[in-house]
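File shown here: final.cif, holding mmCIF, C-alpha atoms.
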```cif
data_upload
#
loop_
_atom_site.group_PDB
_atom_site.id
_atom_site.type_symbol
_atom_site.label_atom_id
_atom_site.label_comp_id
_atom_site.auth_asym_id
_atom_site.auth_seq_id
_atom_site.Cartn_x
_atom_site.Cartn_y
_atom_site.Cartn_z
ATOM 1 C CA MET A 1 -46.949 33.855 93.508
ATOM 2 C CA LYS A 2 -48.756 33.603 90.177
ATOM 3 C CA LEU A 3 -47.499 30.746 87.997
ATOM 4 C CA LYS A 4 -47.072 31.029 84.247
ATOM 5 C CA PHE A 5 -48.127 27.765 82.596
ATOM 6 C CA GLY A 6 -48.520 27.868 78.852
ATOM 7 C CA GLU A 7 -50.010 31.258 78.066
ATOM 8 C CA ARG A 8 -51.868 31.600 81.362
ATOM 9 C CA LEU A 9 -51.003 33.185 84.685
ATOM 10 C CA ILE A 10 -52.478 30.994 87.421
ATOM 11 C CA GLU A 11 -53.478 32.188 90.888
ATOM 12 C CA PRO A 12 -52.641 29.677 93.639
ATOM 13 C CA GLU A 13 -54.589 28.210 96.484
ATOM 14 C CA ILE A 14 -52.455 28.909 99.551
ATOM 15 C CA ARG A 15 -51.896 26.792 102.643
ATOM 16 C CA ARG A 16 -50.833 29.004 105.542
ATOM 17 C CA LEU A 17 -48.352 28.030 108.222
ATOM 18 C CA TYR A 18 -50.954 28.117 110.997
ATOM 19 C CA ASP A 19 -53.088 25.715 108.939
ATOM 20 C CA LEU A 20 -50.397 23.092 109.614
ATOM 21 C CA ARG A 21 -50.370 23.474 113.383
ATOM 22 C CA ASP A 22 -52.865 20.634 113.857
ATOM 23 C CA VAL A 23 -50.587 18.126 112.103
ATOM 24 C CA ALA A 24 -47.201 19.408 113.329
ATOM 25 C CA PHE A 25 -44.783 17.831 115.790
ATOM 26 C CA ASP A 26 -43.333 20.949 117.405
ATOM 27 C CA THR A 27 -46.563 22.668 118.434
ATOM 28 C CA PRO A 28 -44.909 24.928 121.075
ATOM 29 C CA TRP A 29 -42.917 26.563 118.255
ATOM 30 C CA PHE A 30 -46.158 27.904 116.771
ATOM 31 C CA GLU A 31 -46.882 29.936 119.906
ATOM 32 C CA THR A 32 -44.289 32.537 118.921
ATOM 33 C CA ALA A 33 -43.973 31.955 115.163
ATOM 34 C CA ALA A 34 -45.503 34.506 112.797
ATOM 35 C CA ASP A 35 -48.045 33.169 110.343
ATOM 36 C CA ARG A 36 -46.990 33.133 106.696
ATOM 37 C CA ASP A 37 -47.644 31.362 103.418
ATOM 38 C CA ALA A 38 -46.418 27.757 103.682
ATOM 39 C CA TYR A 39 -47.033 26.407 100.177
ATOM 40 C CA PHE A 40 -48.865 27.153 96.949
ATOM 41 C CA MET A 41 -51.179 24.896 94.907
ATOM 42 C CA TYR A 42 -52.008 25.531 91.239
ATOM 43 C CA ARG A 43 -54.955 23.409 90.111
ATOM 44 C CA ASP A 44 -56.201 22.009 86.813
ATOM 45 C CA LEU A 45 -53.436 23.179 84.504
ATOM 46 C CA SER A 46 -53.080 22.702 80.757
ATOM 47 C CA LEU A 47 -50.789 24.102 78.082
ATOM 48 C CA THR A 48 -53.281 24.350 75.218
ATOM 49 C CA PRO A 49 -57.058 24.153 74.693
ATOM 50 C CA THR A 50 -56.493 20.729 73.102
ATOM 51 C CA ASP A 51 -54.687 19.527 76.235
ATOM 52 C CA ALA A 52 -57.453 20.930 78.432
ATOM 53 C CA GLU A 53 -60.132 19.074 76.494
ATOM 54 C CA ALA A 54 -58.186 15.797 76.618
ATOM 55 C CA ILE A 55 -57.575 16.151 80.346
ATOM 56 C CA ARG A 56 -61.274 16.709 81.050
ATOM 57 C CA ARG A 57 -62.363 13.912 78.703
ATOM 58 C CA HIS A 58 -60.198 11.403 80.533
ATOM 59 C CA GLN A 59 -61.349 12.645 83.971
ATOM 60 C CA LEU A 60 -57.876 13.808 84.955
ATOM 61 C CA ARG A 61 -56.368 16.865 86.601
ATOM 62 C CA TYR A 62 -52.805 18.179 86.432
ATOM 63 C CA ASP A 63 -51.587 20.349 89.303
ATOM 64 C CA ILE A 64 -48.365 21.981 90.450
ATOM 65 C CA THR A 65 -47.411 22.574 94.095
ATOM 66 C CA ILE A 66 -44.573 24.821 95.248
ATOM 67 C CA ILE A 67 -43.184 24.394 98.774
ATOM 68 C CA PRO A 68 -40.503 26.927 99.794
ATOM 69 C CA PRO A 69 -37.931 25.798 102.375
ATOM 70 C CA LEU A 70 -39.068 26.270 105.964
ATOM 71 C CA ASN A 71 -38.443 24.656 109.318
ATOM 72 C CA MET A 72 -41.507 24.367 111.547
ATOM 73 C CA GLY A 73 -39.474 24.378 114.717
ATOM 74 C CA LEU A 74 -37.939 20.904 114.927
ATOM 75 C CA GLU A 75 -39.742 19.617 111.841
ATOM 76 C CA PHE A 76 -39.390 20.162 108.100
ATOM 77 C CA VAL A 77 -42.239 21.920 106.303
ATOM 78 C CA LYS A 78 -44.740 19.502 104.787
ATOM 79 C CA THR A 79 -48.183 19.271 103.242
ATOM 80 C CA TYR A 80 -51.177 18.664 105.468
ATOM 81 C CA GLY A 81 -51.643 15.029 104.412
ATOM 82 C CA HIS A 82 -54.696 13.247 103.061
ATOM 83 C CA TYR A 83 -56.255 9.993 101.891
ATOM 84 C CA HIS A 84 -58.344 9.431 98.769
ATOM 85 C CA PRO A 85 -61.890 8.034 98.598
ATOM 86 C CA ARG A 86 -62.837 4.699 97.071
ATOM 87 C CA VAL A 87 -63.288 4.460 93.337
ATOM 88 C CA ASN A 88 -66.532 2.587 93.893
ATOM 89 C CA PRO A 89 -68.261 1.509 97.140
ATOM 90 C CA LYS A 90 -68.142 -2.082 95.873
ATOM 91 C CA LEU A 91 -64.367 -1.989 95.271
ATOM 92 C CA ARG A 92 -61.637 -1.956 97.908
ATOM 93 C CA TYR A 93 -59.455 0.400 95.864
ATOM 94 C CA THR A 94 -59.096 4.094 96.568
ATOM 95 C CA TYR A 95 -57.892 6.450 93.849
ATOM 96 C CA PRO A 96 -54.108 6.570 93.335
ATOM 97 C CA GLU A 97 -52.103 9.669 92.504
ATOM 98 C CA MET A 98 -48.823 10.321 90.694
ATOM 99 C CA TYR A 99 -46.200 12.982 91.403
ATOM 100 C CA GLU A 100 -43.159 14.295 89.589
ATOM 101 C CA VAL A 101 -40.394 16.329 91.200
ATOM 102 C CA LEU A 102 -39.836 19.315 88.908
ATOM 103 C CA ASP A 103 -37.171 20.939 91.052
ATOM 104 C CA GLY A 104 -35.676 20.387 94.490
ATOM 105 C CA ASP A 105 -36.017 17.276 96.640
ATOM 106 C CA ALA A 106 -39.102 15.612 98.072
ATOM 107 C CA HIS A 107 -39.830 12.992 100.691
ATOM 108 C CA TYR A 108 -43.215 11.314 100.249
ATOM 109 C CA LEU A 109 -44.517 9.719 103.433
ATOM 110 C CA LEU A 110 -46.945 6.995 102.362
ATOM 111 C CA GLN A 111 -49.066 5.046 104.828
ATOM 112 C CA ARG A 112 -51.738 2.389 104.552
ATOM 113 C CA ALA A 113 -54.490 2.562 107.144
ATOM 114 C CA GLN A 114 -55.440 -0.609 109.001
ATOM 115 C CA ASN A 115 -58.225 1.091 110.948
ATOM 116 C CA GLU A 116 -58.987 4.581 112.229
ATOM 117 C CA GLU A 117 -55.985 4.700 114.589
ATOM 118 C CA SER A 118 -53.466 2.227 113.136
ATOM 119 C CA VAL A 119 -51.475 1.740 109.944
ATOM 120 C CA ASP A 120 -49.902 -1.478 108.705
ATOM 121 C CA GLU A 121 -47.296 -0.049 106.304
ATOM 122 C CA VAL A 122 -45.302 3.178 106.157
ATOM 123 C CA ILE A 123 -42.874 4.059 103.349
ATOM 124 C CA LEU A 124 -40.723 7.171 103.061
ATOM 125 C CA VAL A 125 -39.985 7.624 99.355
ATOM 126 C CA LYS A 126 -37.010 9.886 98.696
ATOM 127 C CA ALA A 127 -37.238 11.579 95.293
ATOM 128 C CA THR A 128 -35.179 14.053 93.298
ATOM 129 C CA ARG A 129 -35.691 16.044 90.122
ATOM 130 C CA GLY A 130 -37.341 13.987 87.374
ATOM 131 C CA ASP A 131 -38.464 11.154 89.653
ATOM 132 C CA LYS A 132 -42.053 9.911 89.321
ATOM 133 C CA VAL A 133 -43.746 8.737 92.527
ATOM 134 C CA ILE A 134 -47.039 6.834 92.533
ATOM 135 C CA VAL A 135 -49.224 6.849 95.631
ATOM 136 C CA PRO A 136 -50.876 3.401 95.373
ATOM 137 C CA PRO A 137 -54.530 2.706 96.115
ATOM 138 C CA ASN A 138 -55.427 2.686 99.822
ATOM 139 C CA TYR A 139 -52.486 4.848 100.912
ATOM 140 C CA GLY A 140 -52.519 8.284 102.451
ATOM 141 C CA HIS A 141 -49.598 10.619 101.912
ATOM 142 C CA VAL A 142 -47.698 13.665 103.126
ATOM 143 C CA THR A 143 -45.066 15.532 101.091
ATOM 144 C CA ILE A 144 -42.035 16.903 102.951
ATOM 145 C CA ASN A 145 -39.485 19.450 101.720
ATOM 146 C CA PRO A 146 -36.320 18.225 103.482
ATOM 147 C CA SER A 147 -33.869 20.744 102.010
ATOM 148 C CA GLU A 148 -32.984 24.424 101.835
ATOM 149 C CA ARG A 149 -34.230 24.615 98.236
ATOM 150 C CA THR A 150 -37.733 25.293 96.980
ATOM 151 C CA LEU A 151 -39.589 22.106 96.077
ATOM 152 C CA LYS A 152 -41.662 22.282 92.911
ATOM 153 C CA MET A 153 -43.707 19.221 92.025
ATOM 154 C CA ALA A 154 -46.544 18.240 89.715
ATOM 155 C CA ASN A 155 -49.260 15.641 90.102
ATOM 156 C CA TRP A 156 -51.748 13.755 87.967
ATOM 157 C CA VAL A 157 -54.933 12.653 89.703
ATOM 158 C CA CYS A 158 -58.530 11.773 88.900
ATOM 159 C CA ARG A 159 -60.570 14.989 88.878
ATOM 160 C CA SER A 160 -63.812 13.481 90.206
ATOM 161 C CA PHE A 161 -63.120 13.301 93.950
ATOM 162 C CA ASP A 162 -62.158 15.397 96.960
ATOM 163 C CA SER A 163 -59.223 14.582 99.243
ATOM 164 C CA VAL A 164 -59.959 13.199 102.717
ATOM 165 C CA TYR A 165 -58.142 15.226 105.389
ATOM 166 C CA ASP A 166 -59.984 14.244 108.585
ATOM 167 C CA PRO A 167 -57.878 11.161 109.516
ATOM 168 C CA TYR A 168 -54.718 13.263 109.500
ATOM 169 C CA ALA A 169 -56.354 16.027 111.522
ATOM 170 C CA LYS A 170 -57.678 13.527 114.083
ATOM 171 C CA LEU A 171 -54.262 11.896 114.609
ATOM 172 C CA ARG A 172 -52.195 15.088 114.421
ATOM 173 C CA GLY A 173 -50.462 14.226 111.167
ATOM 174 C CA GLY A 174 -48.893 11.202 109.554
ATOM 175 C CA ALA A 175 -47.639 8.110 111.345
ATOM 176 C CA TYR A 176 -44.115 9.574 111.496
ATOM 177 C CA TYR A 177 -42.634 13.043 111.773
ATOM 178 C CA GLU A 178 -39.414 13.846 109.894
ATOM 179 C CA LEU A 179 -37.312 16.147 112.059
ATOM 180 C CA ILE A 180 -34.632 18.542 110.833
ATOM 181 C CA ASN A 181 -31.936 16.464 112.591
ATOM 182 C CA GLY A 182 -32.781 13.508 110.341
ATOM 183 C CA ARG A 183 -34.783 11.519 112.870
ATOM 184 C CA LEU A 184 -38.035 9.828 111.883
ATOM 185 C CA LEU A 185 -40.183 9.971 114.979
ATOM 186 C CA HIS A 186 -43.240 7.780 115.579
ATOM 187 C CA ASN A 187 -46.458 9.768 116.066
ATOM 188 C CA GLN A 188 -47.751 8.613 119.448
ATOM 189 C CA ALA A 189 -51.369 9.377 118.524
ATOM 190 C CA TYR A 190 -51.397 6.170 116.450
ATOM 191 C CA HIS A 191 -52.108 2.928 118.329
ATOM 192 C CA GLN A 192 -50.037 0.764 116.006
ATOM 193 C CA VAL A 193 -47.293 1.800 113.611
ATOM 194 C CA PRO A 194 -44.816 -0.544 111.892
ATOM 195 C CA GLU A 195 -41.159 0.283 111.330
ATOM 196 C CA ILE A 196 -40.818 2.789 108.533
ATOM 197 C CA ARG A 197 -39.253 1.662 105.256
ATOM 198 C CA VAL A 198 -37.091 4.085 103.282
ATOM 199 C CA ALA A 199 -37.346 3.578 99.523
ATOM 200 C CA TYR A 200 -36.588 5.205 96.175
ATOM 201 C CA PRO A 201 -38.631 5.476 92.954
ATOM 202 C CA VAL A 202 -38.015 3.135 90.051
ATOM 203 C CA GLU A 203 -38.388 3.961 86.378
ATOM 204 C CA LEU A 204 -41.225 2.199 84.558
ATOM 205 C CA PRO A 205 -40.514 2.613 80.833
ATOM 206 C CA ASP A 206 -43.479 0.453 79.774
ATOM 207 C CA HIS A 207 -45.725 3.039 81.459
ATOM 208 C CA GLY A 208 -43.861 6.070 80.143
ATOM 209 C CA LEU A 209 -42.415 6.858 83.574
ATOM 210 C CA VAL A 210 -38.752 7.742 83.095
ATOM 211 C CA LYS A 211 -36.776 10.618 84.580
ATOM 212 C CA ARG A 212 -35.910 12.271 81.266
ATOM 213 C CA THR A 213 -39.543 12.616 80.088
ATOM 214 C CA PRO A 214 -41.818 15.241 81.691
ATOM 215 C CA MET A 215 -44.927 13.663 83.159
ATOM 216 C CA PHE A 216 -47.253 16.176 81.513
ATOM 217 C CA GLU A 217 -46.441 14.664 78.110
ATOM 218 C CA LEU A 218 -48.395 11.543 79.089
ATOM 219 C CA ILE A 219 -51.563 13.363 78.083
ATOM 220 C CA GLU A 220 -50.498 12.553 74.526
ATOM 221 C CA GLU A 221 -50.914 8.862 75.441
ATOM 222 C CA PRO A 222 -53.749 9.060 77.993
ATOM 223 C CA TYR A 223 -54.225 5.279 78.150
ATOM 224 C CA LEU A 224 -50.985 5.273 80.196
ATOM 225 C CA LEU A 225 -52.818 7.278 82.871
ATOM 226 C CA GLU A 226 -55.861 5.011 83.094
ATOM 227 C CA PHE A 227 -54.517 3.524 86.346
ATOM 228 C CA LEU A 228 -55.467 6.810 88.043
ATOM 229 C CA THR A 229 -59.169 6.470 87.241
ATOM 230 C CA ALA A 230 -59.514 2.652 87.098
ATOM 231 C CA PRO A 231 -56.840 1.187 89.413
ATOM 232 C CA GLU A 232 -58.607 -2.179 89.541
ATOM 233 C CA ARG A 233 -57.494 -2.767 85.945
ATOM 234 C CA HIS A 234 -53.817 -2.117 86.714
ATOM 235 C CA THR A 235 -53.054 -3.999 89.929
ATOM 236 C CA GLY A 236 -49.720 -5.255 88.600
ATOM 237 C CA LEU A 237 -48.409 -1.718 88.325
ATOM 238 C CA PHE A 238 -48.626 -1.180 92.082
ATOM 239 C CA GLN A 239 -46.631 -4.256 93.097
ATOM 240 C CA GLU A 240 -43.006 -3.100 92.680
ATOM 241 C CA LEU A 241 -42.978 0.691 92.661
ATOM 242 C CA TYR A 242 -39.989 1.322 94.929
ATOM 243 C CA HIS A 243 -36.649 -0.193 95.823
ATOM 244 C CA ARG A 244 -34.683 0.110 99.029
#
```

Render the structure in this file as structure tokens.
Amino acid sequence: MKLKFGERLIEPEIRRLYDLRDVAFDTPWFETAADRDAYFMYRDLSLTPTDAEAIRRHQLRYDITIIPPLNMGLEFVKTYGHYHPRVNPKLRYTYPEMYEVLDGDAHYLLQRAQNEESVDEVILVKATRGDKVIVPPNYGHVTINPSERTLKMANWVCRSFDSVYDPYAKLRGGAYYELINGRLLHNQAYHQVPEIRVAYPVELPDHGLVKRTPMFELIEEPYLLEFLTAPERHTGLFQELYHR
């Protein structure tokens, strides 16, 4: 599963099916399922040396993730799920992240932690090819492939941090599970979970975020990506990201 990007062939990091057992709903299914590759992550991509230098200079990273269709028993295949660390110990903001659906369909399960075992907001963002989805500060997220097509997506993120997986491992996944019958099932490991809100991405032309323009091209105007490294300067951007 090498990926050709520009003139390079990129080797992926691979998440295996058994790696997802700890955050899955249908754990009995794993007892007889054969292990296999679940999804593929291609990190720190660039098309040209000039792009690569600009990406590093602005403390960014561009990745691509490919998630083939797969049912994990009663549940759709998904990413493991993670939060992001704080930008600065003195600030309440964690780093945001931005995704683009390159092909297929994606459901982004966003949740804002209230404490170690409760969340106070959960949003399921349904996205299709060309949609841009921003994970706001202070939200964790899981990506779900809810279709029989391969999901290919890209993300921009600040390059200077590591994702935080432990809260998802501790609580056996996100606050909800999306089952293959369409149900959204509350994860009982959480003490408090609000009703989930289903939403859809909006275009933000002032920020260069429109369906017809590939997200990678924003590196030509890197000031439009500053919200990923300094979210405290762009609080207005995070107010109305999705509509019902």

Find, counting all atoms listed in the file, the residue in A:Glu121, A:Ile144, A:Glu221, A:Ile14 that gets nearest to Glu195 of chain A.
-> A:Glu121

Translate the PyMOL selection byres ((chain A and resi 154) around 7), as applied to the file shown, into an explicit residue set as a PyMOL selection string.
-> chain A and resi 63-65+99-102+153+155

Return the single residue from A:Asp37, A:Asp103, A:Glu31, A:Asp131 that is closest to Asp19 of chain A, with distances computed using only C-alpha atoms.
-> A:Asp37

Near-His107 of chain A list (9 Å; all atoms listed in the file; drop same-chain fewer than 3 positions) as a ChimeraX atom specification = /A:124-128,142-146

For Leu218 of chain A, which residue out of A:Asp162, A:Asp51, A:Glu232, A:Glu11 is the nearest one, using all atoms listed in the file?
->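 Closest candidate: A:Asp51.
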
Run the PyMOL selection byres ((chain A and resi 24) around 9) on the file and write out the hits as a list in words.
->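 In the shown coordinates, the PyMOL selection byres ((chain A and resi 24) around 9) covers Leu20, Arg21, Asp22, Val23, Phe25, Asp26, Thr27, Met72, Glu75, Val77, Lys78, Tyr80, Arg172, Gly173 and Tyr177 of chain A.
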
What residues come out when you apply the PyMOL selection byres ((chain A and resi 212) around 10) to this file, written as an MDAnalysis selection string?
-> chainID A and resid 129:131 209:211 213:215

Can you write out the residues you just picked, keeping C-alpha atoms, as a short mmCIF file (atom, residue, chain, number, x, y, z; two decimals), in the frame of the given file?
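Okay, out27.cif is ready:
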```cif
data_model
loop_
_atom_site.label_atom_id
_atom_site.label_comp_id
_atom_site.auth_asym_id
_atom_site.auth_seq_id
_atom_site.Cartn_x
_atom_site.Cartn_y
_atom_site.Cartn_z
CA ARG A 129 -35.69 16.04 90.12
CA GLY A 130 -37.34 13.99 87.37
CA ASP A 131 -38.46 11.15 89.65
CA LEU A 209 -42.42 6.86 83.57
CA VAL A 210 -38.75 7.74 83.10
CA LYS A 211 -36.78 10.62 84.58
CA THR A 213 -39.54 12.62 80.09
CA PRO A 214 -41.82 15.24 81.69
CA MET A 215 -44.93 13.66 83.16
#
```

Please, what distance in Å, to one decimal, runs between atom CA of Leu171 of chain A and atom CA of Ser118 of chain A?
->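 Calculated distance between atom CA of Leu171 of chain A and atom CA of Ser118 of chain A is 9.8 Å.
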
By how many Å are atom CA of Leu17 of chain A and atom CA of Gln111 of chain A apart?
->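 Atom CA of Gln111 of chain A lies 23.2 Å from atom CA of Leu17 of chain A.
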
Could you pull the residues within 10 Å of segment 185-187 of chain A, counting only C-alpha atoms, minus those fewer than 2 positions along the same chain, as JSON, numbers by chain?
-> {"A": [25, 171, 172, 173, 174, 175, 176, 177, 178, 179, 182, 183, 189, 190, 191, 192, 193, 194, 195, 196]}

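Every protein, DNA or RNA residue with an atom at most 12 Å from Lys2 of chain A, where all atoms listed in the file count and chain neighbours fewer than 2 positions away do not, is listed here: Lys4, Phe5, Arg8, Leu9, Ile10, Glu11, Pro12, Glu13, Ile14, Phe40, Met41, Tyr42, Arg43, Ile64, Thr65 and Ile66 of chain A.
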
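You can rank A:Tyr62, A:Tyr168, A:Phe76, A:Tyr95 by their closest distance to Phe216 of chain A using only C-alpha atoms, and at the top of that list sits A:Tyr62.
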
Rounded to one decimal place, report the atom CA of Thr235 of chain A-atom CA of His84 of chain A distance in Å.
->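 Result for atom CA of Thr235 of chain A versus atom CA of His84 of chain A: 16.9 Å, one decimal.
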
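Between Ile123 of chain A and the residues A:Tyr39, A:Gly104, A:Arg159, A:Tyr200, the shortest atom-to-atom distance, using all atoms listed in the file, involves A:Tyr200.
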
Nearby residues (only C-alpha atoms) at most 12 Å from Phe161 of chain A, same-chain spacing under 3 positions excluded, as a list of chain:residue names = A:Gln59, A:Leu60, A:Arg61, A:Tyr83, A:His84, A:Pro85, A:Arg86, A:Val87, A:Asn88, A:Thr94, A:Tyr95, A:Pro96, A:Glu97, A:Val157, A:Cys158, A:Val164, A:Leu228, A:Thr229

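Take the candidates A:Ala106, A:Arg36, A:Met98, A:Val198 and check each one against Arg16 of chain A using all atoms listed in the file; the shortest distance goes to A:Arg36.
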
Would you compute an axis-aligned box for segment 33-51 of chain A, covering every atom listed for it in the file with 6 Å of margin on each side, and report centre and edge lengths in Å to one decimal as JSON?
```
{"center_x": -50.5, "center_y": 27.0, "center_z": 94.1, "size_x": 25.1, "size_y": 27.0, "size_z": 54.1}
```
